[in-house]
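*Asks:* Sending over a structure as structure tokens; questions will come in a sec.
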Amino acid sequence: QVQLVESGGGYVQTGGSTRLSCAAPRSITDKREIGWYRRLIGGSQRELIAYFTSAGDANYEKFVKGRFTISRDNAEDMVYLQMTDLKPEDTGVYYCRAWGYVREYWGQGTQVIVSS
């Protein structure tokens, strides 16, 4: 079954950086938006961080404030989230999602723990 697979989470110190990766087969991403979500510790819902439109434009939620950058490597079918200046409140599970009019796909998530 074709799916999204995240990697790159782990422990990071406050103020540090890390990059998350999402293996995103073209059969999933073609003509769909694809982006990153997270569910923070103690949170019940996943919140959008950043995404690419089907046209390839990058969009960010306001809380990102320049700390996170979404990118992609179309040749490798990968989508990345570079995170900088991490804070303990960024701790949570980070997910890759692709969606269109008919169907959506979620990865299993990768945990990021920011230690103070």
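In the structure tokens, each chain is lettered A, B, ... as it comes, each chain's residues begin at 1, and ligands are numbered from 1 in order of appearance.
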With only C-alpha atoms as the counted atoms, please give the residues lying no more than 12 Å from stretch 19-25 of chain A, apart from itself and same-chain residues fewer than 5 positions off, as a ChimeraX atom specification.

*Replies:* /A:1-12,30,32-38,67-86,93-99,105-112

*Asks:* Just the number, please: distance in Å from atom CA of A:Ser27 to atom CA of A:Gly92, one decimal.

*Replies:* 28.2 Å

*Asks:* I'd like the neighbourhood of A:Ser116 as a list in words, where a residue qualifies if any of its atoms comes within 12 Å (using only C-alpha atoms), though same-chain residues fewer than 3 positions away should be ignored.

*Replies:*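 The contact residues come out as Tyr11, Val12, Gln13, Thr14, Gly15, Gly16, Leu86, Lys87, Pro88, Glu89, Asp90, Thr91 and Ile113 of chain A.
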
*Asks:* How about saving the chosen residues, N, CA, C and O atoms kept, as a short mmCIF file (atom, residue, chain, number, x, y, z; two decimals), in the first residue's frame?

*Replies:*
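Saved file result.cif follows:
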```cif
data_model
loop_
_atom_site.label_atom_id
_atom_site.label_comp_id
_atom_site.auth_asym_id
_atom_site.auth_seq_id
_atom_site.Cartn_x
_atom_site.Cartn_y
_atom_site.Cartn_z
N TYR A 11 15.33 13.89 19.85
CA TYR A 11 15.58 14.87 20.90
C TYR A 11 16.41 16.04 20.35
O TYR A 11 17.40 15.82 19.66
N VAL A 12 15.97 17.24 20.72
CA VAL A 12 16.67 18.46 20.31
C VAL A 12 16.73 19.39 21.51
O VAL A 12 15.76 19.46 22.27
N GLN A 13 17.80 20.09 21.66
CA GLN A 13 17.89 21.06 22.76
C GLN A 13 17.20 22.36 22.37
O GLN A 13 17.08 22.70 21.18
N THR A 14 16.74 23.07 23.36
CA THR A 14 16.12 24.38 23.13
C THR A 14 17.07 25.27 22.33
O THR A 14 18.27 25.34 22.63
N GLY A 15 16.53 25.90 21.30
CA GLY A 15 17.33 26.74 20.43
C GLY A 15 17.97 25.99 19.28
O GLY A 15 18.57 26.61 18.38
N GLY A 16 17.85 24.68 19.29
CA GLY A 16 18.46 23.86 18.26
C GLY A 16 17.61 23.74 17.01
O GLY A 16 16.53 24.33 16.91
N LEU A 86 14.18 25.91 18.05
CA LEU A 86 13.12 25.11 18.66
C LEU A 86 12.95 25.42 20.14
O LEU A 86 13.91 25.74 20.85
N LYS A 87 11.71 25.31 20.57
CA LYS A 87 11.33 25.61 21.96
C LYS A 87 10.65 24.39 22.56
O LYS A 87 10.09 23.56 21.82
N PRO A 88 10.66 24.29 23.88
CA PRO A 88 9.98 23.13 24.49
C PRO A 88 8.51 23.01 24.07
O PRO A 88 8.00 21.88 23.94
N GLU A 89 7.87 24.13 23.80
CA GLU A 89 6.46 24.07 23.39
C GLU A 89 6.28 23.55 21.97
O GLU A 89 5.15 23.37 21.51
N ASP A 90 7.36 23.30 21.25
CA ASP A 90 7.28 22.66 19.93
C ASP A 90 7.25 21.14 20.05
O ASP A 90 7.11 20.44 19.05
N THR A 91 7.41 20.63 21.25
CA THR A 91 7.40 19.18 21.46
C THR A 91 6.08 18.58 21.05
O THR A 91 5.02 19.06 21.44
N ILE A 113 11.10 15.97 20.44
CA ILE A 113 11.12 16.34 21.86
C ILE A 113 12.19 17.41 22.05
O ILE A 113 13.37 17.15 21.78
#
```
